[in-house]
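K.L.:
start22.cif is reproduced in full below (mmCIF, N, CA and C atoms).
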```cif
data_structure
#
loop_
_atom_site.label_atom_id
_atom_site.label_comp_id
_atom_site.auth_asym_id
_atom_site.auth_seq_id
_atom_site.Cartn_x
_atom_site.Cartn_y
_atom_site.Cartn_z
N MET P 1 71.15 39.86 8.71
CA MET P 1 72.50 39.40 8.90
C MET P 1 72.77 39.35 10.39
N THR P 2 73.39 38.26 10.83
CA THR P 2 73.71 38.14 12.25
C THR P 2 75.16 38.48 12.46
N ALA P 3 75.47 38.88 13.66
CA ALA P 3 76.85 39.21 14.00
C ALA P 3 77.67 37.93 13.99
N GLN P 4 78.83 38.01 13.38
CA GLN P 4 79.72 36.87 13.32
C GLN P 4 80.87 37.08 14.29
N PRO P 5 81.33 36.00 14.94
CA PRO P 5 82.47 36.16 15.84
C PRO P 5 83.70 36.56 15.04
N GLU P 6 84.51 37.39 15.64
CA GLU P 6 85.73 37.84 14.97
C GLU P 6 86.71 36.69 14.88
N GLN P 7 87.34 36.55 13.72
CA GLN P 7 88.31 35.49 13.50
C GLN P 7 89.62 35.86 14.19
N PRO P 8 90.31 34.88 14.77
CA PRO P 8 91.59 35.17 15.39
C PRO P 8 92.56 35.77 14.38
N GLY P 9 93.29 36.80 14.80
CA GLY P 9 94.27 37.41 13.91
C GLY P 9 93.70 38.47 12.99
N THR P 10 92.39 38.75 13.07
CA THR P 10 91.81 39.78 12.22
C THR P 10 91.39 40.95 13.10
N SER P 11 91.37 42.11 12.53
CA SER P 11 90.89 43.26 13.27
C SER P 11 89.76 43.88 12.47
N GLN P 12 88.77 44.37 13.18
CA GLN P 12 87.62 44.96 12.52
C GLN P 12 87.94 46.39 12.12
N PHE P 13 87.60 46.74 10.88
CA PHE P 13 87.78 48.10 10.38
C PHE P 13 86.82 49.02 11.10
N ASN P 14 87.33 50.10 11.68
CA ASN P 14 86.47 51.01 12.42
C ASN P 14 87.08 52.41 12.46
N PRO P 15 86.85 53.23 11.42
CA PRO P 15 87.39 54.58 11.46
C PRO P 15 86.66 55.41 12.51
N PRO P 16 87.27 56.49 12.97
CA PRO P 16 86.58 57.33 13.96
C PRO P 16 85.31 57.94 13.36
N MET P 17 84.19 57.78 14.09
CA MET P 17 82.90 58.32 13.64
C MET P 17 82.07 58.72 14.85
N ARG P 18 82.69 59.34 15.84
CA ARG P 18 81.99 59.72 17.07
C ARG P 18 81.28 61.06 16.95
N THR P 19 81.69 61.89 16.01
CA THR P 19 81.07 63.21 15.83
C THR P 19 80.58 63.32 14.39
N LEU P 20 79.75 64.32 14.11
CA LEU P 20 79.31 64.53 12.73
C LEU P 20 80.49 64.85 11.82
N ALA P 21 81.46 65.59 12.32
CA ALA P 21 82.64 65.91 11.51
C ALA P 21 83.41 64.64 11.17
N GLU P 22 83.59 63.75 12.14
CA GLU P 22 84.29 62.49 11.87
C GLU P 22 83.48 61.60 10.93
N LEU P 23 82.17 61.58 11.11
CA LEU P 23 81.33 60.79 10.21
C LEU P 23 81.41 61.33 8.79
N ARG P 24 81.37 62.64 8.65
CA ARG P 24 81.49 63.23 7.30
C ARG P 24 82.84 62.86 6.67
N GLU P 25 83.91 62.92 7.45
CA GLU P 25 85.23 62.55 6.93
C GLU P 25 85.26 61.09 6.52
N ALA P 26 84.70 60.23 7.35
CA ALA P 26 84.66 58.80 7.02
C ALA P 26 83.82 58.55 5.77
N LEU P 27 82.70 59.26 5.63
CA LEU P 27 81.88 59.11 4.42
C LEU P 27 82.63 59.57 3.19
N SER P 28 83.41 60.62 3.32
CA SER P 28 84.18 61.12 2.18
C SER P 28 85.30 60.17 1.79
N THR P 29 85.85 59.47 2.77
CA THR P 29 87.03 58.64 2.54
C THR P 29 86.70 57.17 2.33
N TRP P 30 85.78 56.61 3.12
CA TRP P 30 85.63 55.17 3.18
C TRP P 30 84.30 54.63 2.66
N SER P 31 83.33 55.45 2.37
CA SER P 31 82.01 54.92 2.05
C SER P 31 81.83 54.60 0.58
N PHE P 32 80.65 54.10 0.26
CA PHE P 32 80.28 53.85 -1.12
C PHE P 32 80.18 55.20 -1.85
N PRO P 33 80.43 55.23 -3.15
CA PRO P 33 80.30 56.49 -3.89
C PRO P 33 78.90 57.08 -3.73
N GLY P 34 78.84 58.36 -3.46
CA GLY P 34 77.57 59.05 -3.32
C GLY P 34 76.99 59.06 -1.92
N ASP P 35 77.54 58.26 -1.01
CA ASP P 35 77.00 58.21 0.35
C ASP P 35 77.10 59.56 1.06
N ARG P 36 78.21 60.25 0.90
CA ARG P 36 78.36 61.53 1.60
C ARG P 36 77.29 62.52 1.15
N GLN P 37 77.04 62.58 -0.16
CA GLN P 37 76.04 63.50 -0.69
C GLN P 37 74.64 63.10 -0.21
N GLU P 38 74.34 61.80 -0.22
CA GLU P 38 73.04 61.33 0.26
C GLU P 38 72.86 61.64 1.74
N PHE P 39 73.92 61.45 2.53
CA PHE P 39 73.86 61.75 3.95
C PHE P 39 73.52 63.23 4.16
N GLU P 40 74.21 64.11 3.44
CA GLU P 40 73.97 65.55 3.59
C GLU P 40 72.53 65.91 3.20
N GLN P 41 72.03 65.31 2.13
CA GLN P 41 70.65 65.57 1.72
C GLN P 41 69.65 65.10 2.76
N GLU P 42 69.87 63.91 3.30
CA GLU P 42 68.96 63.39 4.31
C GLU P 42 69.06 64.19 5.61
N LEU P 43 70.26 64.61 5.96
CA LEU P 43 70.45 65.43 7.16
C LEU P 43 69.74 66.77 7.02
N ASP P 44 69.82 67.36 5.83
CA ASP P 44 69.14 68.63 5.58
C ASP P 44 67.61 68.48 5.67
N ALA P 45 67.10 67.28 5.37
CA ALA P 45 65.66 67.07 5.31
C ALA P 45 65.03 66.77 6.68
N ILE P 46 65.84 66.46 7.69
CA ILE P 46 65.25 66.12 8.98
C ILE P 46 65.34 67.29 9.95
N ASP P 47 64.52 67.20 10.99
CA ASP P 47 64.51 68.21 12.05
C ASP P 47 65.67 67.90 13.01
N LEU P 48 66.67 68.76 13.06
CA LEU P 48 67.83 68.52 13.90
C LEU P 48 67.51 68.55 15.39
N ASP P 49 66.36 69.08 15.75
CA ASP P 49 65.93 69.05 17.15
C ASP P 49 65.35 67.69 17.54
N ASP P 50 65.05 66.86 16.54
CA ASP P 50 64.55 65.51 16.79
C ASP P 50 65.76 64.58 16.87
N LEU P 51 66.24 64.38 18.08
CA LEU P 51 67.47 63.60 18.26
C LEU P 51 67.32 62.15 17.83
N THR P 52 66.11 61.62 17.88
CA THR P 52 65.89 60.24 17.42
C THR P 52 66.17 60.14 15.92
N GLN P 53 65.67 61.10 15.15
CA GLN P 53 65.92 61.09 13.70
C GLN P 53 67.42 61.26 13.41
N VAL P 54 68.07 62.15 14.10
CA VAL P 54 69.51 62.38 13.89
C VAL P 54 70.29 61.12 14.23
N ARG P 55 69.94 60.49 15.36
CA ARG P 55 70.63 59.26 15.78
C ARG P 55 70.42 58.15 14.75
N GLU P 56 69.19 57.95 14.31
CA GLU P 56 68.90 56.89 13.34
C GLU P 56 69.66 57.12 12.03
N LEU P 57 69.72 58.36 11.59
CA LEU P 57 70.43 58.67 10.35
C LEU P 57 71.93 58.42 10.49
N THR P 58 72.52 58.90 11.57
CA THR P 58 73.96 58.72 11.75
C THR P 58 74.31 57.25 11.93
N GLN P 59 73.48 56.50 12.65
CA GLN P 59 73.74 55.07 12.81
C GLN P 59 73.66 54.33 11.48
N ALA P 60 72.71 54.70 10.65
CA ALA P 60 72.57 54.04 9.35
C ALA P 60 73.80 54.25 8.48
N TYR P 61 74.32 55.47 8.47
CA TYR P 61 75.49 55.74 7.64
C TYR P 61 76.77 55.19 8.25
N ARG P 62 76.87 55.15 9.56
CA ARG P 62 78.02 54.48 10.20
C ARG P 62 78.01 53.01 9.80
N HIS P 63 76.83 52.40 9.85
CA HIS P 63 76.71 50.99 9.51
C HIS P 63 77.11 50.73 8.05
N ARG P 64 76.76 51.64 7.16
CA ARG P 64 77.13 51.47 5.74
C ARG P 64 78.63 51.43 5.57
N ILE P 65 79.34 52.28 6.30
CA ILE P 65 80.81 52.29 6.20
C ILE P 65 81.37 50.99 6.74
N LEU P 66 80.92 50.57 7.91
CA LEU P 66 81.42 49.33 8.50
C LEU P 66 81.10 48.13 7.62
N MET P 67 79.91 48.13 7.04
CA MET P 67 79.49 47.03 6.18
C MET P 67 80.38 46.92 4.93
N ARG P 68 80.79 48.05 4.40
CA ARG P 68 81.60 48.04 3.18
C ARG P 68 82.92 47.30 3.38
N TYR P 69 83.44 47.31 4.59
CA TYR P 69 84.72 46.67 4.85
C TYR P 69 84.58 45.35 5.60
N ASP P 70 83.38 44.79 5.62
CA ASP P 70 83.12 43.49 6.22
C ASP P 70 82.98 42.49 5.07
N PRO P 71 83.94 41.57 4.93
CA PRO P 71 83.89 40.64 3.79
C PRO P 71 82.60 39.83 3.73
N SER P 72 82.07 39.40 4.86
CA SER P 72 80.84 38.60 4.82
C SER P 72 79.64 39.45 4.40
N ALA P 73 79.62 40.72 4.79
CA ALA P 73 78.53 41.60 4.38
C ALA P 73 78.59 41.86 2.88
N MET P 74 79.77 42.10 2.36
CA MET P 74 79.90 42.34 0.93
C MET P 74 79.57 41.09 0.12
N ALA P 75 79.93 39.93 0.66
CA ALA P 75 79.57 38.67 -0.03
C ALA P 75 78.04 38.52 -0.06
N ALA P 76 77.38 38.87 1.03
CA ALA P 76 75.92 38.78 1.07
C ALA P 76 75.29 39.74 0.08
N LEU P 77 75.84 40.94 -0.04
CA LEU P 77 75.30 41.91 -1.00
C LEU P 77 75.53 41.47 -2.45
N ALA P 78 76.58 40.70 -2.68
CA ALA P 78 76.92 40.28 -4.03
C ALA P 78 76.15 39.03 -4.48
N ARG P 79 75.40 38.41 -3.58
CA ARG P 79 74.66 37.20 -3.93
C ARG P 79 73.63 37.50 -5.01
N PRO P 80 73.52 36.61 -5.99
CA PRO P 80 72.49 36.79 -7.03
C PRO P 80 71.09 36.72 -6.43
N THR P 81 70.19 37.49 -6.99
CA THR P 81 68.81 37.54 -6.51
C THR P 81 68.17 36.16 -6.52
N GLY P 82 68.44 35.38 -7.52
CA GLY P 82 67.87 34.04 -7.60
C GLY P 82 68.28 33.16 -6.43
N ASP P 83 69.53 33.27 -5.99
CA ASP P 83 70.00 32.50 -4.84
C ASP P 83 69.26 32.91 -3.57
N VAL P 84 69.10 34.21 -3.38
CA VAL P 84 68.40 34.71 -2.19
C VAL P 84 66.94 34.27 -2.23
N ASP P 85 66.31 34.38 -3.40
CA ASP P 85 64.92 33.97 -3.56
C ASP P 85 64.75 32.49 -3.24
N ALA P 86 65.65 31.66 -3.76
CA ALA P 86 65.57 30.21 -3.51
C ALA P 86 65.75 29.90 -2.02
N GLU P 87 66.67 30.58 -1.37
CA GLU P 87 66.88 30.36 0.06
C GLU P 87 65.66 30.76 0.88
N LEU P 88 65.07 31.92 0.54
CA LEU P 88 63.87 32.36 1.26
C LEU P 88 62.71 31.39 1.06
N ARG P 89 62.52 30.92 -0.18
CA ARG P 89 61.44 29.96 -0.44
C ARG P 89 61.66 28.66 0.35
N ARG P 90 62.91 28.20 0.41
CA ARG P 90 63.23 26.97 1.15
C ARG P 90 62.93 27.18 2.64
N LYS P 91 63.34 28.31 3.19
CA LYS P 91 63.11 28.57 4.61
C LYS P 91 61.62 28.72 4.92
N LEU P 92 60.88 29.36 4.04
CA LEU P 92 59.43 29.49 4.24
C LEU P 92 58.75 28.12 4.18
N ALA P 93 59.20 27.28 3.26
CA ALA P 93 58.61 25.95 3.15
C ALA P 93 58.92 25.13 4.41
N GLU P 94 60.14 25.24 4.92
CA GLU P 94 60.50 24.51 6.15
C GLU P 94 59.70 25.02 7.33
N ALA P 95 59.47 26.33 7.39
CA ALA P 95 58.72 26.91 8.52
C ALA P 95 57.25 26.51 8.47
N ALA P 96 56.73 26.25 7.28
CA ALA P 96 55.32 25.90 7.12
C ALA P 96 55.03 24.46 7.54
N ARG P 97 56.07 23.66 7.64
CA ARG P 97 55.87 22.22 7.98
C ARG P 97 55.51 22.03 9.42
#
```
So that I can check it, write out the structure of this file as structure tokens.
P.N.:
Amino acid sequence: MTAQPEQPGTSQFNPPMRTLAELREALSTWSFPGDRQEFEQELDAIDLDDLTQVRELTQAYRHRILMRYDPSAMAALARPTGDVDAELRRKLAEAAR
């Protein structure tokens, strides 16, 4: 998915998520069902001294929250598998020419 320019008159949903406490609150309030529990399980499974792993995990869950409130992202997730498959096949065929 590519970044889309913001439409005039719209504001992007962005709850505070600068700290782990804020991210946990956002996951509890704004995320998909089960995301908070999955985040806690994944956080428990990584080495907290490995800042790269911690950063990657927090970025992934921040992105999930932002994606949930992005209409174009949700539309992309709702596309039928057959439509996505047909588009990929068409693009692969065009690239092969």
K.L.:
Could you tell me how far atom C of P:Ala21 sits from atom N of P:Arg55, in Å to one decimal place?
P.N.:
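Atom N of P:Arg55 sits 14.7 Å away from atom C of P:Ala21.
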K.L.:
Nearest to P:Phe32: which of P:Tyr61, P:Gln12, P:Arg90, P:Ala73 is it, counting only C-alpha atoms?
P.N.:
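Of P:Tyr61, P:Gln12, P:Arg90, P:Ala73, the one nearest P:Phe32, counting only C-alpha atoms, is P:Tyr61.
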K.L.:
What is the distance, in Å and to one decimal place, between atom CA of P:Ser28 and atom CA of P:Thr81?
P.N.:
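Atom-to-atom, atom CA of P:Ser28 to atom CA of P:Thr81, that is 29.5 Å.
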K.L.:
For atom N of P:Asp83 and atom C of P:Phe13, quote the distance in Å rounded to one decimal.
P.N.:
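Straight-line distance from atom N of P:Asp83 to atom C of P:Phe13 works out to 29.0 Å.
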K.L.:
When you count only C-alpha atoms, which of these residues is closest to P:Trp30: P:Ile65, P:Leu57, P:Leu43, P:Leu48?
P.N.:
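With only C-alpha atoms as the atom set, the closest residue is P:Ile65.
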K.L.:
I'd like to know which of P:Ala45, P:Arg68, P:Arg97, P:Leu92 is closest to P:Pro33, using only C-alpha atoms.
P.N.:
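Result for the nearest residue to P:Pro33: P:Arg68.
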K.L.:
Write out as a ChimeraX atom specification all residues of chain P that DSSP puts in alpha helix (DSSP H) for this structure's backbone.
P.N.:
/P:20-30,35-45,51-68,71-78,81-96
K.L.:
Please list as number ranges by chain every residue within 12 Å of P:Arg62, counting only C-alpha atoms and excluding residues in the same chain fewer than 2 positions away.
P.N.:
P: 13-20, 22-27, 30-32, 35-36, 39, 55-60, 64-69
K.L.:
Extending 3 Å beyond the listed atoms of stretch 32-46 of chain P on each side, what axis-aligned box results? I want centre and edge lengths in Å to one decimal, as lines of an AutoDock Vina configuration file.
P.N.:
```
center_x = 72.8
center_y = 61.2
center_z = 3.0
size_x = 21.6
size_y = 20.8
size_z = 19.8
```
K.L.:
Would you mind putting back all heavy atoms on stretch 54-65 of chain P, then writing it out as a PDB file, in the coordinates of the input?
P.N.:
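This went into out11.pdb:
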```pdb
ATOM      1  N   VAL P  54      68.070  62.150  14.100  1.00  0.00           N
ATOM      2  CA  VAL P  54      69.510  62.380  13.890  1.00  0.00           C
ATOM      3  C   VAL P  54      70.290  61.120  14.230  1.00  0.00           C
ATOM      4  O   VAL P  54      71.165  60.684  13.476  1.00  0.00           O
ATOM      5  CB  VAL P  54      70.007  63.586  14.708  1.00  0.00           C
ATOM      6  CG1 VAL P  54      71.513  63.724  14.600  1.00  0.00           C
ATOM      7  CG2 VAL P  54      69.312  64.863  14.259  1.00  0.00           C
ATOM      8  N   ARG P  55      69.940  60.490  15.360  1.00  0.00           N
ATOM      9  CA  ARG P  55      70.630  59.260  15.780  1.00  0.00           C
ATOM     10  C   ARG P  55      70.420  58.150  14.750  1.00  0.00           C
ATOM     11  O   ARG P  55      71.376  57.461  14.360  1.00  0.00           O
ATOM     12  CB  ARG P  55      70.127  58.807  17.147  1.00  0.00           C
ATOM     13  CG  ARG P  55      70.769  57.510  17.627  1.00  0.00           C
ATOM     14  CD  ARG P  55      70.270  57.086  18.996  1.00  0.00           C
ATOM     15  NE  ARG P  55      68.839  57.200  19.168  1.00  0.00           N
ATOM     16  CZ  ARG P  55      67.951  56.254  18.808  1.00  0.00           C
ATOM     17  NH1 ARG P  55      68.373  55.147  18.250  1.00  0.00           N
ATOM     18  NH2 ARG P  55      66.666  56.438  18.992  1.00  0.00           N
ATOM     19  N   GLU P  56      69.190  57.950  14.310  1.00  0.00           N
ATOM     20  CA  GLU P  56      68.900  56.890  13.340  1.00  0.00           C
ATOM     21  C   GLU P  56      69.660  57.120  12.030  1.00  0.00           C
ATOM     22  O   GLU P  56      70.196  56.170  11.443  1.00  0.00           O
ATOM     23  CB  GLU P  56      67.406  56.801  13.081  1.00  0.00           C
ATOM     24  CG  GLU P  56      66.646  56.222  14.253  1.00  0.00           C
ATOM     25  CD  GLU P  56      65.139  56.283  14.085  1.00  0.00           C
ATOM     26  OE1 GLU P  56      64.649  56.909  13.113  1.00  0.00           O
ATOM     27  OE2 GLU P  56      64.435  55.713  14.945  1.00  0.00           O
ATOM     28  N   LEU P  57      69.720  58.360  11.590  1.00  0.00           N
ATOM     29  CA  LEU P  57      70.430  58.670  10.350  1.00  0.00           C
ATOM     30  C   LEU P  57      71.930  58.420  10.490  1.00  0.00           C
ATOM     31  O   LEU P  57      72.546  57.777   9.642  1.00  0.00           O
ATOM     32  CB  LEU P  57      70.175  60.125   9.930  1.00  0.00           C
ATOM     33  CG  LEU P  57      70.861  60.568   8.642  1.00  0.00           C
ATOM     34  CD1 LEU P  57      70.308  59.794   7.447  1.00  0.00           C
ATOM     35  CD2 LEU P  57      70.694  62.063   8.448  1.00  0.00           C
ATOM     36  N   THR P  58      72.520  58.900  11.570  1.00  0.00           N
ATOM     37  CA  THR P  58      73.960  58.720  11.750  1.00  0.00           C
ATOM     38  C   THR P  58      74.310  57.250  11.930  1.00  0.00           C
ATOM     39  O   THR P  58      75.302  56.766  11.375  1.00  0.00           O
ATOM     40  CB  THR P  58      74.499  59.558  12.916  1.00  0.00           C
ATOM     41  OG1 THR P  58      73.801  59.233  14.109  1.00  0.00           O
ATOM     42  CG2 THR P  58      74.385  61.037  12.636  1.00  0.00           C
ATOM     43  N   GLN P  59      73.480  56.500  12.650  1.00  0.00           N
ATOM     44  CA  GLN P  59      73.740  55.070  12.810  1.00  0.00           C
ATOM     45  C   GLN P  59      73.660  54.330  11.480  1.00  0.00           C
ATOM     46  O   GLN P  59      74.472  53.438  11.208  1.00  0.00           O
ATOM     47  CB  GLN P  59      72.752  54.458  13.805  1.00  0.00           C
ATOM     48  CG  GLN P  59      73.048  54.816  15.233  1.00  0.00           C
ATOM     49  CD  GLN P  59      72.012  54.253  16.193  1.00  0.00           C
ATOM     50  OE1 GLN P  59      70.881  53.931  15.811  1.00  0.00           O
ATOM     51  NE2 GLN P  59      72.383  54.143  17.455  1.00  0.00           N
ATOM     52  N   ALA P  60      72.710  54.700  10.650  1.00  0.00           N
ATOM     53  CA  ALA P  60      72.570  54.040   9.350  1.00  0.00           C
ATOM     54  C   ALA P  60      73.800  54.250   8.480  1.00  0.00           C
ATOM     55  O   ALA P  60      74.297  53.315   7.851  1.00  0.00           O
ATOM     56  CB  ALA P  60      71.322  54.559   8.631  1.00  0.00           C
ATOM     57  N   TYR P  61      74.320  55.470   8.470  1.00  0.00           N
ATOM     58  CA  TYR P  61      75.490  55.740   7.640  1.00  0.00           C
ATOM     59  C   TYR P  61      76.770  55.190   8.250  1.00  0.00           C
ATOM     60  O   TYR P  61      77.667  54.750   7.517  1.00  0.00           O
ATOM     61  CB  TYR P  61      75.588  57.234   7.314  1.00  0.00           C
ATOM     62  CG  TYR P  61      74.676  57.575   6.158  1.00  0.00           C
ATOM     63  CD1 TYR P  61      73.358  57.952   6.368  1.00  0.00           C
ATOM     64  CD2 TYR P  61      75.121  57.462   4.846  1.00  0.00           C
ATOM     65  CE1 TYR P  61      72.506  58.230   5.305  1.00  0.00           C
ATOM     66  CE2 TYR P  61      74.287  57.736   3.774  1.00  0.00           C
ATOM     67  CZ  TYR P  61      72.976  58.113   4.012  1.00  0.00           C
ATOM     68  OH  TYR P  61      72.153  58.368   2.952  1.00  0.00           O
ATOM     69  N   ARG P  62      76.870  55.150   9.560  1.00  0.00           N
ATOM     70  CA  ARG P  62      78.020  54.480  10.200  1.00  0.00           C
ATOM     71  C   ARG P  62      78.010  53.010   9.800  1.00  0.00           C
ATOM     72  O   ARG P  62      79.040  52.433   9.456  1.00  0.00           O
ATOM     73  CB  ARG P  62      77.948  54.604  11.721  1.00  0.00           C
ATOM     74  CG  ARG P  62      78.319  55.954  12.264  1.00  0.00           C
ATOM     75  CD  ARG P  62      78.310  55.986  13.786  1.00  0.00           C
ATOM     76  NE  ARG P  62      79.532  55.363  14.279  1.00  0.00           N
ATOM     77  CZ  ARG P  62      79.568  54.195  14.921  1.00  0.00           C
ATOM     78  NH1 ARG P  62      78.471  53.523  15.181  1.00  0.00           N
ATOM     79  NH2 ARG P  62      80.717  53.690  15.323  1.00  0.00           N
ATOM     80  N   HIS P  63      76.830  52.400   9.850  1.00  0.00           N
ATOM     81  CA  HIS P  63      76.710  50.990   9.510  1.00  0.00           C
ATOM     82  C   HIS P  63      77.110  50.730   8.050  1.00  0.00           C
ATOM     83  O   HIS P  63      77.758  49.728   7.749  1.00  0.00           O
ATOM     84  CB  HIS P  63      75.268  50.517   9.753  1.00  0.00           C
ATOM     85  CG  HIS P  63      75.045  49.089   9.411  1.00  0.00           C
ATOM     86  ND1 HIS P  63      75.504  48.059  10.192  1.00  0.00           N
ATOM     87  CD2 HIS P  63      74.419  48.514   8.353  1.00  0.00           C
ATOM     88  CE1 HIS P  63      75.170  46.915   9.630  1.00  0.00           C
ATOM     89  NE2 HIS P  63      74.514  47.158   8.523  1.00  0.00           N
ATOM     90  N   ARG P  64      76.760  51.640   7.160  1.00  0.00           N
ATOM     91  CA  ARG P  64      77.130  51.470   5.740  1.00  0.00           C
ATOM     92  C   ARG P  64      78.630  51.430   5.570  1.00  0.00           C
ATOM     93  O   ARG P  64      79.156  50.636   4.774  1.00  0.00           O
ATOM     94  CB  ARG P  64      76.536  52.599   4.903  1.00  0.00           C
ATOM     95  CG  ARG P  64      75.035  52.512   4.743  1.00  0.00           C
ATOM     96  CD  ARG P  64      74.515  53.669   3.955  1.00  0.00           C
ATOM     97  NE  ARG P  64      74.877  53.508   2.555  1.00  0.00           N
ATOM     98  CZ  ARG P  64      74.028  53.532   1.554  1.00  0.00           C
ATOM     99  NH1 ARG P  64      72.755  53.722   1.795  1.00  0.00           N
ATOM    100  NH2 ARG P  64      74.427  53.391   0.322  1.00  0.00           N
ATOM    101  N   ILE P  65      79.340  52.280   6.300  1.00  0.00           N
ATOM    102  CA  ILE P  65      80.810  52.290   6.200  1.00  0.00           C
ATOM    103  C   ILE P  65      81.370  50.990   6.740  1.00  0.00           C
ATOM    104  O   ILE P  65      82.217  50.353   6.098  1.00  0.00           O
ATOM    105  CB  ILE P  65      81.394  53.500   6.942  1.00  0.00           C
ATOM    106  CG1 ILE P  65      81.026  54.793   6.225  1.00  0.00           C
ATOM    107  CG2 ILE P  65      82.923  53.371   7.067  1.00  0.00           C
ATOM    108  CD1 ILE P  65      81.315  56.046   7.004  1.00  0.00           C
TER     109      ILE P  65
END
```
